[in-house]
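Novice: Structure file start_10.tsv, TSV, C-alpha atoms and all ligand atoms, is pasted below:
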```tsv
chain	number	residue	atom	x	y	z
A	1	MET	CA	6.44	32.69	-19.35
A	2	ASN	CA	9.02	30.01	-20.04
A	3	ARG	CA	10.45	29.61	-23.47
A	4	LEU	CA	9.22	26.55	-25.42
A	5	THR	CA	11.71	25.16	-27.88
A	6	GLU	CA	9.95	24.31	-31.09
A	7	THR	CA	9.66	20.53	-31.02
A	8	LEU	CA	10.92	17.66	-28.96
A	9	ASP	CA	12.13	14.63	-30.91
A	10	PRO	CA	9.28	12.10	-30.46
A	11	ALA	CA	11.78	9.22	-30.38
A	12	LEU	CA	13.64	10.89	-27.52
A	13	ALA	CA	10.40	11.57	-25.62
A	14	ARG	CA	9.39	7.94	-26.07
A	15	HIS	CA	12.76	6.70	-24.89
A	16	ILE	CA	12.62	8.82	-21.72
A	17	LEU	CA	9.03	7.81	-21.00
A	18	ARG	CA	9.94	4.13	-21.36
A	19	GLU	CA	12.80	4.52	-18.88
A	20	LEU	CA	10.58	6.43	-16.46
A	21	GLY	CA	8.02	3.63	-16.63
A	22	GLU	CA	10.64	0.96	-15.95
A	23	GLU	CA	12.02	2.75	-12.92
A	24	ALA	CA	8.56	3.67	-11.61
A	25	ARG	CA	7.65	-0.03	-11.59
A	26	GLU	CA	10.38	-0.74	-9.06
A	27	HIS	CA	8.25	0.99	-6.42
A	28	ARG	CA	5.11	-1.05	-7.16
A	29	PHE	CA	4.93	-2.83	-3.80
A	30	GLU	CA	5.33	0.43	-1.90
A	31	VAL	CA	2.73	2.46	-3.81
A	32	ALA	CA	-0.10	0.00	-4.56
A	33	PRO	CA	-3.02	0.51	-4.93
A	34	ASN	CA	-1.79	3.85	-6.21
A	35	PRO	CA	-0.15	3.85	-9.62
A	36	CYS	CA	3.55	3.55	-10.39
A	37	VAL	CA	4.40	6.93	-11.91
A	38	GLY	CA	7.60	8.54	-13.19
A	39	ALA	CA	8.09	12.11	-14.40
A	40	ALA	CA	10.92	14.17	-15.88
A	41	VAL	CA	11.46	17.90	-16.29
A	42	LEU	CA	13.22	18.89	-19.52
A	43	SER	CA	14.97	21.96	-20.75
A	44	GLY	CA	15.05	21.69	-24.52
A	45	SER	CA	16.07	18.09	-25.08
A	46	SER	CA	18.02	17.64	-21.85
A	47	VAL	CA	16.61	16.07	-18.75
A	48	VAL	CA	16.90	18.44	-15.79
A	49	ALA	CA	15.48	16.09	-13.18
A	50	ARG	CA	13.37	12.98	-12.69
A	51	GLY	CA	10.96	12.05	-9.96
A	52	PHE	CA	9.00	8.96	-8.93
A	53	HIS	CA	6.06	8.08	-6.78
A	54	ARG	CA	7.85	6.06	-4.10
A	55	ALA	CA	5.39	5.45	-1.29
A	56	TRP	CA	1.64	5.23	-0.90
A	57	GLY	CA	0.40	8.54	0.48
A	58	GLY	CA	3.69	10.21	-0.45
A	59	PRO	CA	4.34	12.92	-3.05
A	60	HIS	CA	3.35	12.27	-6.64
A	61	ALA	CA	6.01	11.80	-9.30
A	62	GLU	CA	5.38	15.19	-10.93
A	63	VAL	CA	5.91	17.04	-7.66
A	64	GLU	CA	9.06	15.01	-6.95
A	65	ALA	CA	10.45	15.82	-10.41
A	66	LEU	CA	9.78	19.54	-9.88
A	67	ARG	CA	11.39	19.40	-6.44
A	68	MET	CA	14.49	17.71	-7.87
A	69	ALA	CA	14.59	20.24	-10.71
A	70	ALA	CA	14.57	23.06	-8.16
A	71	GLU	CA	17.70	21.49	-6.64
A	72	SER	CA	19.42	21.36	-10.03
A	73	PRO	CA	21.62	24.15	-11.44
A	74	VAL	CA	19.11	24.77	-14.28
A	75	PRO	CA	16.92	27.79	-13.44
A	76	ALA	CA	13.14	27.34	-13.52
A	77	ALA	CA	12.90	29.82	-16.37
A	78	ASP	CA	14.60	27.24	-18.59
A	79	TRP	CA	12.27	24.32	-17.80
A	80	ASP	CA	9.87	23.88	-20.65
A	81	THR	CA	8.58	20.28	-20.91
A	82	MET	CA	7.39	17.64	-18.48
A	83	LEU	CA	7.20	14.00	-19.44
A	84	VAL	CA	5.03	11.88	-17.18
A	85	THR	CA	3.88	8.28	-17.48
A	86	LEU	CA	0.36	9.08	-16.19
A	87	GLU	CA	-2.01	11.99	-16.66
A	88	PRO	CA	-1.38	14.50	-13.85
A	89	CYS	CA	-4.10	14.70	-11.21
A	90	SER	CA	-6.29	17.77	-11.05
A	91	SER	CA	-8.04	17.35	-7.71
A	92	THR	CA	-6.84	17.26	-4.13
A	93	GLY	CA	-6.39	13.77	-2.70
A	94	LYS	CA	-3.84	12.95	-0.04
A	95	THR	CA	-1.66	15.56	-1.74
A	96	PRO	CA	-2.50	18.80	-3.64
A	97	PRO	CA	-3.22	18.57	-7.41
A	98	CYS	CA	-0.15	18.13	-9.62
A	99	VAL	CA	-1.75	20.20	-12.40
A	100	GLU	CA	-1.40	23.27	-10.18
A	101	ALA	CA	2.25	22.54	-9.42
A	102	ILE	CA	2.97	22.13	-13.15
A	103	LYS	CA	1.25	25.43	-13.96
A	104	ALA	CA	3.05	27.24	-11.15
A	105	ALA	CA	6.41	25.97	-12.42
A	106	GLY	CA	5.80	27.58	-15.82
A	107	ILE	CA	5.99	24.28	-17.76
A	108	ARG	CA	4.79	24.87	-21.34
A	109	ARG	CA	4.36	21.34	-22.67
A	110	VAL	CA	3.32	18.07	-21.02
A	111	ILE	CA	3.72	14.70	-22.70
A	112	VAL	CA	1.91	11.84	-21.00
A	113	ALA	CA	1.91	8.11	-21.68
A	114	ALA	CA	-1.54	7.24	-20.34
A	115	GLN	CA	-4.86	8.70	-19.32
A	116	ASP	CA	-5.68	8.19	-15.66
A	117	PRO	CA	-8.40	5.48	-15.37
A	118	ASP	CA	-9.40	6.82	-11.94
A	119	PRO	CA	-12.97	8.07	-12.48
A	120	ARG	CA	-12.07	11.30	-10.64
A	121	HIS	CA	-9.63	12.15	-13.43
A	122	ARG	CA	-10.04	10.41	-16.84
A	123	GLY	CA	-8.89	13.32	-18.94
A	124	ALA	CA	-9.81	16.10	-16.50
A	125	GLY	CA	-6.13	16.73	-15.74
A	126	LEU	CA	-5.28	16.96	-19.43
A	127	ASP	CA	-8.20	19.39	-19.98
A	128	ALA	CA	-7.08	21.56	-17.07
A	129	LEU	CA	-3.56	21.77	-18.51
A	130	ARG	CA	-4.89	22.68	-21.95
A	131	GLN	CA	-7.13	25.34	-20.45
A	132	ALA	CA	-4.05	26.88	-18.89
A	133	GLY	CA	-2.53	27.17	-22.35
A	134	ILE	CA	-0.14	24.26	-21.92
A	135	GLU	CA	0.51	22.05	-24.91
A	136	VAL	CA	-0.56	18.48	-24.12
A	137	LEU	CA	0.54	15.44	-26.09
A	138	VAL	CA	-0.34	11.80	-25.41
A	139	ASP	CA	2.02	9.02	-26.49
A	140	PRO	CA	0.17	5.79	-25.71
A	141	VAL	CA	2.97	3.54	-26.98
A	142	ALA	CA	5.88	4.55	-24.75
A	143	ALA	CA	4.81	3.33	-21.32
A	144	PRO	CA	1.34	1.72	-21.37
A	145	LEU	CA	-0.38	1.40	-18.02
A	146	GLU	CA	-0.87	-2.34	-18.65
A	147	VAL	CA	2.91	-2.65	-18.47
A	148	VAL	CA	3.85	0.03	-15.92
A	149	SER	CA	1.02	-0.42	-13.46
A	150	PRO	CA	-1.42	-3.27	-14.19
A	151	HIS	CA	-2.48	-3.34	-10.53
A	152	PHE	CA	-3.80	0.22	-10.93
A	153	LEU	CA	-5.99	-0.84	-13.85
A	154	ALA	CA	-7.35	-3.69	-11.72
A	155	TRP	CA	-7.95	-1.28	-8.81
A	156	ASN	CA	-10.04	0.95	-11.10
A	157	ASP	CA	-11.95	-1.95	-12.60
A	158	TYR	CA	-15.71	-1.40	-12.57
A	159	GLU	CA	-16.47	-4.53	-10.51
A	160	ARG	CA	-13.82	-3.68	-7.93
A	161	ARG	CA	-15.20	-0.16	-7.55
A	162	ARG	CA	-18.80	-1.36	-7.37
A	163	ARG	CA	-18.06	-3.46	-4.28
A	164	PRO	CA	-15.20	-1.57	-2.70
A	165	ARG	CA	-12.77	-3.20	-0.31
A	166	PRO	CA	-9.38	-1.94	0.75
A	167	TRP	CA	-6.14	-2.97	-0.92
A	168	THR	CA	-4.93	-5.72	1.39
A	169	ILE	CA	-1.33	-6.70	2.01
A	170	ALA	CA	-0.87	-10.03	3.79
A	171	LYS	CA	2.42	-10.11	5.62
A	172	TRP	CA	3.77	-13.12	7.39
A	173	ALA	CA	7.02	-14.57	8.58
A	174	GLN	CA	7.69	-18.26	8.07
A	175	THR	CA	10.34	-20.87	8.57
A	176	LEU	CA	12.02	-22.71	5.70
A	177	SER	CA	9.17	-25.23	5.80
A	178	GLY	CA	6.49	-22.52	5.64
A	179	HIS	CA	5.47	-22.74	9.30
A	180	LEU	CA	4.33	-19.47	10.86
A	181	SER	CA	5.52	-20.45	14.34
A	182	PRO	CA	9.10	-21.63	14.88
A	183	PRO	CA	9.95	-24.73	16.94
A	184	GLU	CA	9.41	-24.03	20.65
A	185	ASP	CA	13.13	-23.68	21.38
A	186	VAL	CA	13.66	-20.92	18.77
A	187	GLY	CA	12.87	-17.22	19.33
A	188	ASP	CA	10.67	-17.87	22.38
A	189	GLY	CA	8.52	-20.01	20.06
A	190	ARG	CA	7.44	-16.74	18.41
A	191	ARG	CA	10.19	-14.90	16.57
A	192	ILE	CA	11.37	-16.09	13.17
A	193	SER	CA	12.68	-13.02	11.39
A	194	GLY	CA	15.65	-10.78	12.14
A	195	ALA	CA	15.97	-7.11	13.05
A	196	ALA	CA	16.12	-5.82	9.46
A	197	SER	CA	12.84	-7.54	8.62
A	198	LEU	CA	11.18	-6.19	11.75
A	199	GLN	CA	12.15	-2.62	10.82
A	200	GLU	CA	10.65	-3.16	7.37
A	201	VAL	CA	7.42	-4.37	8.93
A	202	HIS	CA	7.24	-1.26	11.10
A	203	LEU	CA	7.79	0.94	8.04
A	204	LEU	CA	5.02	-0.92	6.23
A	205	ARG	CA	2.68	-0.45	9.20
A	206	SER	CA	3.35	3.29	9.01
A	207	ARG	CA	2.13	3.23	5.42
A	208	VAL	CA	-1.24	1.56	5.82
A	209	ASP	CA	-4.49	2.85	7.26
A	210	ALA	CA	-5.03	-0.20	9.44
A	211	VAL	CA	-3.51	-3.46	10.60
A	212	VAL	CA	-5.96	-6.35	10.82
A	213	THR	CA	-5.36	-9.40	12.97
A	214	GLY	CA	-7.23	-12.25	14.65
A	215	VAL	CA	-7.77	-12.95	18.31
A	216	GLY	CA	-5.61	-16.08	17.95
A	217	THR	CA	-2.59	-13.91	17.22
A	218	VAL	CA	-3.44	-11.61	20.13
A	219	LEU	CA	-3.60	-14.60	22.49
A	220	HIS	CA	-0.50	-16.32	21.08
A	221	ASP	CA	1.88	-13.38	20.45
A	222	ASP	CA	0.39	-10.48	22.43
A	223	PRO	CA	1.51	-8.00	19.71
A	224	ARG	CA	1.35	-4.20	19.90
A	225	LEU	CA	0.86	-3.71	16.12
A	226	THR	CA	2.29	-0.21	16.47
A	227	VAL	CA	5.00	1.59	14.52
A	228	ARG	CA	8.43	1.76	16.14
A	229	LEU	CA	11.02	3.01	13.68
A	230	ARG	CA	14.70	3.55	14.30
A	231	THR	CA	15.53	7.20	13.71
A	232	GLU	CA	17.27	6.80	10.35
A	233	ALA	CA	14.22	5.06	8.89
A	234	SER	CA	11.76	7.57	10.27
A	235	ALA	CA	12.35	10.33	7.70
A	236	ALA	CA	9.08	9.16	6.15
A	237	PRO	CA	5.90	10.68	7.56
A	238	ILE	CA	4.81	8.57	10.49
A	239	SER	CA	1.29	7.71	11.32
A	240	GLY	CA	0.11	4.95	13.54
A	241	PRO	CA	-2.27	2.50	11.90
A	242	GLU	CA	-5.65	1.80	13.43
A	243	ARG	CA	-5.68	-1.75	14.78
A	244	VAL	CA	-8.52	-4.17	14.07
A	245	VAL	CA	-8.95	-7.49	15.89
A	246	LEU	CA	-11.40	-10.09	14.58
A	247	ASP	CA	-12.72	-11.59	17.78
A	248	SER	CA	-16.22	-13.10	17.58
A	249	TRP	CA	-16.53	-13.91	21.30
A	250	LEU	CA	-14.47	-11.11	22.86
A	251	ARG	CA	-11.64	-13.35	24.00
A	252	THR	CA	-9.14	-10.47	23.77
A	253	PRO	CA	-7.87	-9.90	27.33
A	254	PRO	CA	-8.09	-6.29	28.58
A	255	GLU	CA	-4.49	-6.76	29.77
A	256	ALA	CA	-3.28	-7.28	26.17
A	257	ARG	CA	-0.32	-5.11	25.20
A	258	LEU	CA	-2.47	-3.70	22.37
A	259	PHE	CA	-4.07	-1.42	24.94
A	260	GLU	CA	-0.92	-0.05	26.52
A	261	ALA	CA	-0.37	3.62	25.76
A	262	PRO	CA	2.20	4.09	22.98
A	263	GLY	CA	5.66	4.86	24.33
A	264	GLU	CA	7.96	7.57	23.06
A	265	GLY	CA	8.58	7.21	19.32
A	266	GLU	CA	5.81	4.65	19.06
A	267	PHE	CA	2.66	5.22	17.01
A	268	GLY	CA	-0.62	3.37	17.02
A	269	GLY	CA	-4.23	4.30	16.28
A	270	PRO	CA	-7.44	3.17	18.01
A	271	VAL	CA	-8.07	-0.53	18.63
A	272	HIS	CA	-11.28	-1.94	17.13
A	273	ILE	CA	-12.66	-5.30	18.19
A	274	MET	CA	-15.00	-6.89	15.66
A	275	ALA	CA	-17.41	-9.28	17.38
A	276	HIS	CA	-20.74	-11.00	16.96
A	277	PRO	CA	-23.81	-8.88	17.77
A	278	GLY	CA	-24.74	-8.62	21.42
A	279	PRO	CA	-21.33	-9.54	22.81
A	280	ASP	CA	-21.07	-10.42	26.49
A	281	PRO	CA	-21.71	-7.07	28.24
A	282	ILE	CA	-19.18	-7.63	31.01
A	283	ARG	CA	-16.36	-8.45	28.62
A	284	ARG	CA	-17.43	-5.58	26.40
A	285	ARG	CA	-17.33	-3.10	29.28
A	286	ALA	CA	-13.92	-4.35	30.37
A	287	LEU	CA	-12.51	-3.90	26.87
A	288	GLU	CA	-14.10	-0.49	26.43
A	289	GLY	CA	-12.66	0.43	29.80
A	290	VAL	CA	-9.15	0.01	28.38
A	291	GLY	CA	-10.00	2.04	25.27
A	292	ALA	CA	-11.20	-0.60	22.78
A	293	ARG	CA	-13.99	0.21	20.36
A	294	VAL	CA	-16.18	-2.87	20.22
A	295	HIS	CA	-18.28	-3.36	17.08
A	296	GLY	CA	-20.86	-6.08	16.71
A	297	GLY	CA	-23.69	-6.78	14.35
A	298	ARG	CA	-24.31	-5.85	10.75
A	299	GLY	CA	-23.89	-9.20	9.12
A	300	MET	CA	-21.47	-10.46	11.71
A	301	ASP	CA	-24.01	-12.92	12.98
A	302	ARG	CA	-22.64	-16.15	11.56
A	303	HIS	CA	-20.43	-18.57	13.40
A	304	THR	CA	-17.20	-17.14	12.07
A	305	LEU	CA	-17.09	-13.49	11.12
A	306	ASP	CA	-17.90	-12.99	7.47
A	307	LEU	CA	-14.85	-11.61	5.72
A	308	ARG	CA	-16.89	-9.88	3.01
A	309	ASP	CA	-18.79	-7.92	5.66
A	310	LEU	CA	-15.62	-7.12	7.52
A	311	TRP	CA	-13.81	-5.89	4.45
A	312	THR	CA	-16.86	-3.77	3.55
A	313	TRP	CA	-16.72	-2.33	7.07
A	314	LEU	CA	-13.02	-1.49	6.60
A	315	SER	CA	-13.83	0.25	3.35
A	316	ASP	CA	-16.80	2.13	4.84
A	317	ARG	CA	-14.48	3.38	7.55
A	318	GLY	CA	-12.35	4.96	4.83
A	319	PHE	CA	-9.46	2.50	4.94
A	320	GLU	CA	-7.89	2.21	1.51
A	321	ARG	CA	-4.71	0.24	2.21
A	322	VAL	CA	-4.62	-2.29	5.02
A	323	MET	CA	-2.23	-4.92	6.22
A	324	LEU	CA	-3.19	-8.37	7.42
A	325	GLU	CA	-0.86	-9.66	10.11
A	326	ALA	CA	-2.44	-12.84	11.32
A	327	GLY	CA	-2.04	-16.54	12.02
A	328	PRO	CA	-2.41	-19.29	9.44
A	329	THR	CA	-6.18	-19.79	9.77
A	330	LEU	CA	-7.25	-16.20	9.14
A	331	LEU	CA	-4.50	-15.75	6.56
A	332	ARG	CA	-5.52	-18.83	4.63
A	333	ASN	CA	-9.21	-17.84	4.71
A	334	ALA	CA	-8.47	-14.33	3.49
A	335	LEU	CA	-6.12	-15.63	0.79
A	336	GLU	CA	-8.51	-18.34	-0.41
A	337	GLU	CA	-11.56	-16.09	-0.38
A	338	GLY	CA	-9.77	-13.50	-2.52
A	339	PHE	CA	-9.40	-10.65	-0.03
A	340	VAL	CA	-5.64	-10.36	-0.41
A	341	ASP	CA	-4.11	-8.23	-3.16
A	342	GLN	CA	-0.46	-8.37	-2.24
A	343	VAL	CA	1.83	-10.58	-0.14
A	344	ARG	CA	5.05	-9.89	1.70
A	345	VAL	CA	6.56	-13.09	3.07
A	346	TYR	CA	9.67	-13.18	5.24
A	347	THR	CA	11.45	-16.52	5.39
A	348	GLY	CA	13.90	-16.92	8.25
A	349	ASN	CA	16.73	-19.41	8.35
A	350	VAL	CA	14.88	-21.66	10.77
A	351	ARG	CA	13.94	-25.29	10.18
A	352	GLY	CA	10.63	-26.91	11.03
A	353	GLY	CA	8.02	-25.26	13.17
A	354	GLU	CA	4.64	-25.56	14.81
A	355	GLY	CA	1.11	-25.51	13.45
A	356	GLU	CA	0.00	-25.12	9.88
A	357	SER	CA	2.38	-24.47	6.97
A	358	LEU	CA	1.45	-22.13	4.13
A	359	ALA	CA	4.12	-23.62	1.85
A	360	SER	CA	1.69	-25.60	-0.31
A	361	TRP	CA	-0.63	-22.62	-0.61
A	362	LEU	CA	2.24	-20.42	-1.81
A	363	GLU	CA	3.29	-23.01	-4.35
A	364	ALA	CA	-0.19	-23.32	-5.79
A	365	SER	CA	-1.13	-19.65	-5.77
A	366	LYS	CA	-1.19	-17.31	-8.75
A	367	LEU	CA	1.39	-14.70	-7.83
A	368	THR	CA	2.22	-11.97	-10.32
A	369	GLU	CA	5.07	-9.48	-10.61
A	370	ARG	CA	7.09	-11.46	-8.04
A	371	LEU	CA	10.22	-10.08	-6.49
A	372	HIS	CA	12.73	-12.00	-4.35
A	373	ARG	CA	15.09	-9.99	-2.20
A	374	GLU	CA	16.84	-10.10	1.15
A	375	ALA	CA	16.38	-8.31	4.45
A	376	GLY	CA	19.38	-9.07	6.65
A	377	ALA	CA	19.61	-12.87	6.78
A	378	ASP	CA	15.93	-13.36	5.82
A	379	GLY	CA	14.55	-13.98	2.35
A	380	VAL	CA	11.66	-11.74	1.26
A	381	LEU	CA	9.05	-12.56	-1.34
A	382	GLU	CA	6.81	-9.79	-2.62
A	383	ALA	CA	4.06	-10.28	-5.18
A	384	PHE	CA	0.59	-9.30	-6.27
A	385	LEU	CA	-2.25	-11.80	-6.36
A	386	GLY	CA	-4.64	-12.45	-9.16
B	1	LIG	C1	-0.07	8.71	-7.21
B	1	LIG	N1	1.19	9.02	-7.59
B	1	LIG	O1	2.65	10.00	-8.92
B	1	LIG	C2	0.35	10.21	-9.41
B	1	LIG	C3	-0.97	9.86	-9.04
B	1	LIG	O2	-4.58	9.72	-2.96
B	1	LIG	P1	-3.61	10.56	-3.68
B	1	LIG	O3	-3.71	12.01	-3.43
B	1	LIG	O4	-2.17	10.07	-3.55
B	1	LIG	O5	-3.98	10.46	-5.22
B	1	LIG	C4	-3.98	9.25	-5.89
B	1	LIG	C5	-4.44	9.46	-7.31
B	1	LIG	O6	-3.68	10.47	-7.96
B	1	LIG	C6	-4.26	8.21	-8.13
B	1	LIG	O7	-5.41	7.41	-8.05
B	1	LIG	C7	-4.08	8.75	-9.53
B	1	LIG	O8	-5.36	8.94	-10.09
B	1	LIG	C8	-3.48	10.14	-9.35
B	1	LIG	N2	-2.06	10.25	-9.76
B	1	LIG	N3	-1.12	9.11	-7.91
B	1	LIG	O9	-0.25	8.04	-6.20
B	1	LIG	C9	1.47	9.75	-8.65
B	1	LIG	N4	0.61	10.98	-10.47
B	2	ZN	ZN	-0.76	14.08	-8.71
```
Show me the file's structure as structure tokens.
Ligand code: AOF
Ligand code: ZN

Specialist:
Amino acid sequence: MNRLTETLDPALARHILRELGEEAREHRFEVAPNPCVGAAVLSGSSVVARGFHRAWGGPHAEVEALRMAAESPVPAADWDTMLVTLEPCSSTGKTPPCVEAIKAAGIRRVIVAAQDPDPRHRGAGLDALRQAGIEVLVDPVAAPLEVVSPHFLAWNDYERRRRPRPWTIAKWAQTLSGHLSPPEDVGDGRRISGAASLQEVHLLRSRVDAVVTGVGTVLHDDPRLTVRLRTEASAAPISGPERVVLDSWLRTPPEARLFEAPGEGEFGGPVHIMAHPGPDPIRRRALEGVGARVHGGRGMDRHTLDLRDLWTWLSDRGFERVMLEAGPTLLRNALEEGFVDQVRVYTGNVRGGEGESLASWLEASKLTERLHREAGADGVLEAFLG
């Protein structure tokens, strides 16, 4: 059993936890709806290694910190304390429980900044650590969840859980005037953003359960909505998102590139077409013939598809994090009806454009935790909504 030095200076623990919380927050747009979490492994009062939750579906901070510690010159026998901004998980989710990894590493003391509000945990992780004879301390002042990860509190809110819908990231590219289509003589009348932005979009697609679009986008852009990553970016685990097209009257052509088999190094899941009940049987057969899964009915009987029913369907299907890549009409509806949790907007250095502009919507909207950055020559805005 590892040695446990008598006490750890509470001021030092608080200082480290605060720093972990600040750095964990930097990954908020990559991990949501999961929490921003940072962890450190200590030997006495020195930090051996730190780890962060960096991507949704990726390793938890505790496991990352232990992995980094294993790469350090300090032997595992000398690790005694773990500091972590959130209670470690005790059940298997997308990754195995962190409590087990902490026990296996011989950690003797765990200091956490917040209890996990996820109803699957809420103290269960702390109890499991205590039962294993590990000293557990909670310092609620150092890195409160309201500061480190407010989106995670909102995600676990009772009302949100009562009527579940997936965490939705609306991504669009726009010109300087907020138009989603460039002038006809630019980028084939379709492309606004540069290569760096496109790679980012492919990485994002690899980190969602599904990409949702509208038939208008299929007809206008004929997108594949697959993941194609250049090799250096593809160190992350790659999965192809399922693809969902909102298409009341089955206008999606069976020749659409959505239905082409993925090429080498390209990943894409099944294509779902969401239509009104009793869609035209000939069109339906043609689409099913090229591999589409056509869904109609269950509340989809109004003139335009009801977004609440659709988002419930997405949730029922087990999708937790989805991306909306659509034209201005569907985007605006989803934004205005409150189905969007996060935006990623690429602004290319292109003037003017065709169709509707979302500029006034963006100006008027309540964005929180905004971040402005660059991807190649494009500007990128990331933010949470609400
Ligand atoms: C994270 N990152 O560093 C920690 C988390 O779906 P999973 O398996 O990734 O589990 C997500 C839950 O795990 C999350 O709701 C939270 O309760 C707990 N802790 N999650 O994504 C982390 N420590
Ligand atoms: Zn965990």

Novice: Taking all atoms listed in the file into account, which residues are within 9 Å of ligand LIG 1 (chain B), as a PyMOL selection string?

Specialist: chain A and resi 31-39+51-64+84-98+116-122+152+156

Novice: The selected residues should be written to file as a PDB file, in the frame of the given file (atoms: C-alpha atoms).

Specialist:
```pdb
ATOM      1  CA  VAL A  31       2.730   2.460  -3.810  1.00  0.00           C
ATOM      2  CA  ALA A  32      -0.100   0.000  -4.560  1.00  0.00           C
ATOM      3  CA  PRO A  33      -3.020   0.510  -4.930  1.00  0.00           C
ATOM      4  CA  ASN A  34      -1.790   3.850  -6.210  1.00  0.00           C
ATOM      5  CA  PRO A  35      -0.150   3.850  -9.620  1.00  0.00           C
ATOM      6  CA  CYS A  36       3.550   3.550 -10.390  1.00  0.00           C
ATOM      7  CA  VAL A  37       4.400   6.930 -11.910  1.00  0.00           C
ATOM      8  CA  GLY A  38       7.600   8.540 -13.190  1.00  0.00           C
ATOM      9  CA  ALA A  39       8.090  12.110 -14.400  1.00  0.00           C
ATOM     10  CA  GLY A  51      10.960  12.050  -9.960  1.00  0.00           C
ATOM     11  CA  PHE A  52       9.000   8.960  -8.930  1.00  0.00           C
ATOM     12  CA  HIS A  53       6.060   8.080  -6.780  1.00  0.00           C
ATOM     13  CA  ARG A  54       7.850   6.060  -4.100  1.00  0.00           C
ATOM     14  CA  ALA A  55       5.390   5.450  -1.290  1.00  0.00           C
ATOM     15  CA  TRP A  56       1.640   5.230  -0.900  1.00  0.00           C
ATOM     16  CA  GLY A  57       0.400   8.540   0.480  1.00  0.00           C
ATOM     17  CA  GLY A  58       3.690  10.210  -0.450  1.00  0.00           C
ATOM     18  CA  PRO A  59       4.340  12.920  -3.050  1.00  0.00           C
ATOM     19  CA  HIS A  60       3.350  12.270  -6.640  1.00  0.00           C
ATOM     20  CA  ALA A  61       6.010  11.800  -9.300  1.00  0.00           C
ATOM     21  CA  GLU A  62       5.380  15.190 -10.930  1.00  0.00           C
ATOM     22  CA  VAL A  63       5.910  17.040  -7.660  1.00  0.00           C
ATOM     23  CA  GLU A  64       9.060  15.010  -6.950  1.00  0.00           C
ATOM     24  CA  VAL A  84       5.030  11.880 -17.180  1.00  0.00           C
ATOM     25  CA  THR A  85       3.880   8.280 -17.480  1.00  0.00           C
ATOM     26  CA  LEU A  86       0.360   9.080 -16.190  1.00  0.00           C
ATOM     27  CA  GLU A  87      -2.010  11.990 -16.660  1.00  0.00           C
ATOM     28  CA  PRO A  88      -1.380  14.500 -13.850  1.00  0.00           C
ATOM     29  CA  CYS A  89      -4.100  14.700 -11.210  1.00  0.00           C
ATOM     30  CA  SER A  90      -6.290  17.770 -11.050  1.00  0.00           C
ATOM     31  CA  SER A  91      -8.040  17.350  -7.710  1.00  0.00           C
ATOM     32  CA  THR A  92      -6.840  17.260  -4.130  1.00  0.00           C
ATOM     33  CA  GLY A  93      -6.390  13.770  -2.700  1.00  0.00           C
ATOM     34  CA  LYS A  94      -3.840  12.950  -0.040  1.00  0.00           C
ATOM     35  CA  THR A  95      -1.660  15.560  -1.740  1.00  0.00           C
ATOM     36  CA  PRO A  96      -2.500  18.800  -3.640  1.00  0.00           C
ATOM     37  CA  PRO A  97      -3.220  18.570  -7.410  1.00  0.00           C
ATOM     38  CA  CYS A  98      -0.150  18.130  -9.620  1.00  0.00           C
ATOM     39  CA  ASP A 116      -5.680   8.190 -15.660  1.00  0.00           C
ATOM     40  CA  PRO A 117      -8.400   5.480 -15.370  1.00  0.00           C
ATOM     41  CA  ASP A 118      -9.400   6.820 -11.940  1.00  0.00           C
ATOM     42  CA  PRO A 119     -12.970   8.070 -12.480  1.00  0.00           C
ATOM     43  CA  ARG A 120     -12.070  11.300 -10.640  1.00  0.00           C
ATOM     44  CA  HIS A 121      -9.630  12.150 -13.430  1.00  0.00           C
ATOM     45  CA  ARG A 122     -10.040  10.410 -16.840  1.00  0.00           C
ATOM     46  CA  PHE A 152      -3.800   0.220 -10.930  1.00  0.00           C
ATOM     47  CA  ASN A 156     -10.040   0.950 -11.100  1.00  0.00           C
TER      48      ASN A 156
END
```

Novice: For ligand ZN 2 (chain B), which residue among A:Val340, A:Leu371, A:Ile102, A:Ala49 is the nearest when counting all atoms listed in the file?

Specialist: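 Smallest separation from ligand ZN 2 (chain B) among the options: A:Ile102.
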
Novice: What does the structure give for the distance between CA of Leu246 in chain A and CA of Arg332 in chain A, in Å to one decimal?

Specialist: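 Between CA of Leu246 in chain A and CA of Arg332 in chain A the gap is 14.5 Å.
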
Novice: Which residues come within 8 Å of Gln174 in chain A, counting all atoms listed in the file, excluding same-chain residues fewer than 3 positions away, as a list in words?

Specialist: Ser177, Gly178, His179, Leu180, Ser181, Pro182, Ile192, Ser193, Val345, Tyr346, Thr347 and Gly348 of chain A

Novice: In Å, how far is it from CA of Leu258 in chain A to CA of Asp209 in chain A?

Specialist: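 One can read the CA of Leu258 in chain A to CA of Asp209 in chain A distance as 16.6 Å.
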
Novice: Using only C-alpha atoms, can you tell me which of A:Leu83, A:Leu176, A:Leu198, A:Ala256 comes closest to His220 in chain A?

Specialist: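 Closest to His220 in chain A of all the choices is A:Ala256.
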
Novice: Excluding same-chain residues fewer than 4 positions from Glu369 in chain A, what lies within 12 Å of it counting all atoms listed in the file, as number ranges by chain?

Specialist: A: 25-29, 147-151, 341-343, 381-386

Novice: Counting all atoms listed in the file, figure out which residue out of A:Ala40, A:Glu100, A:Ala210, A:Leu330 gets nearest to Glu19 in chain A.

Specialist: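 That would be A:Ala40, the residue with the smallest distance to Glu19 in chain A.
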
Novice: Using only C-alpha atoms for the distances, tell me which of A:Met274, A:Val208, A:Tyr158, A:Ala132 is nearest to Glu30 in chain A.

Specialist: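 Nearest to Glu30 in chain A: A:Val208.
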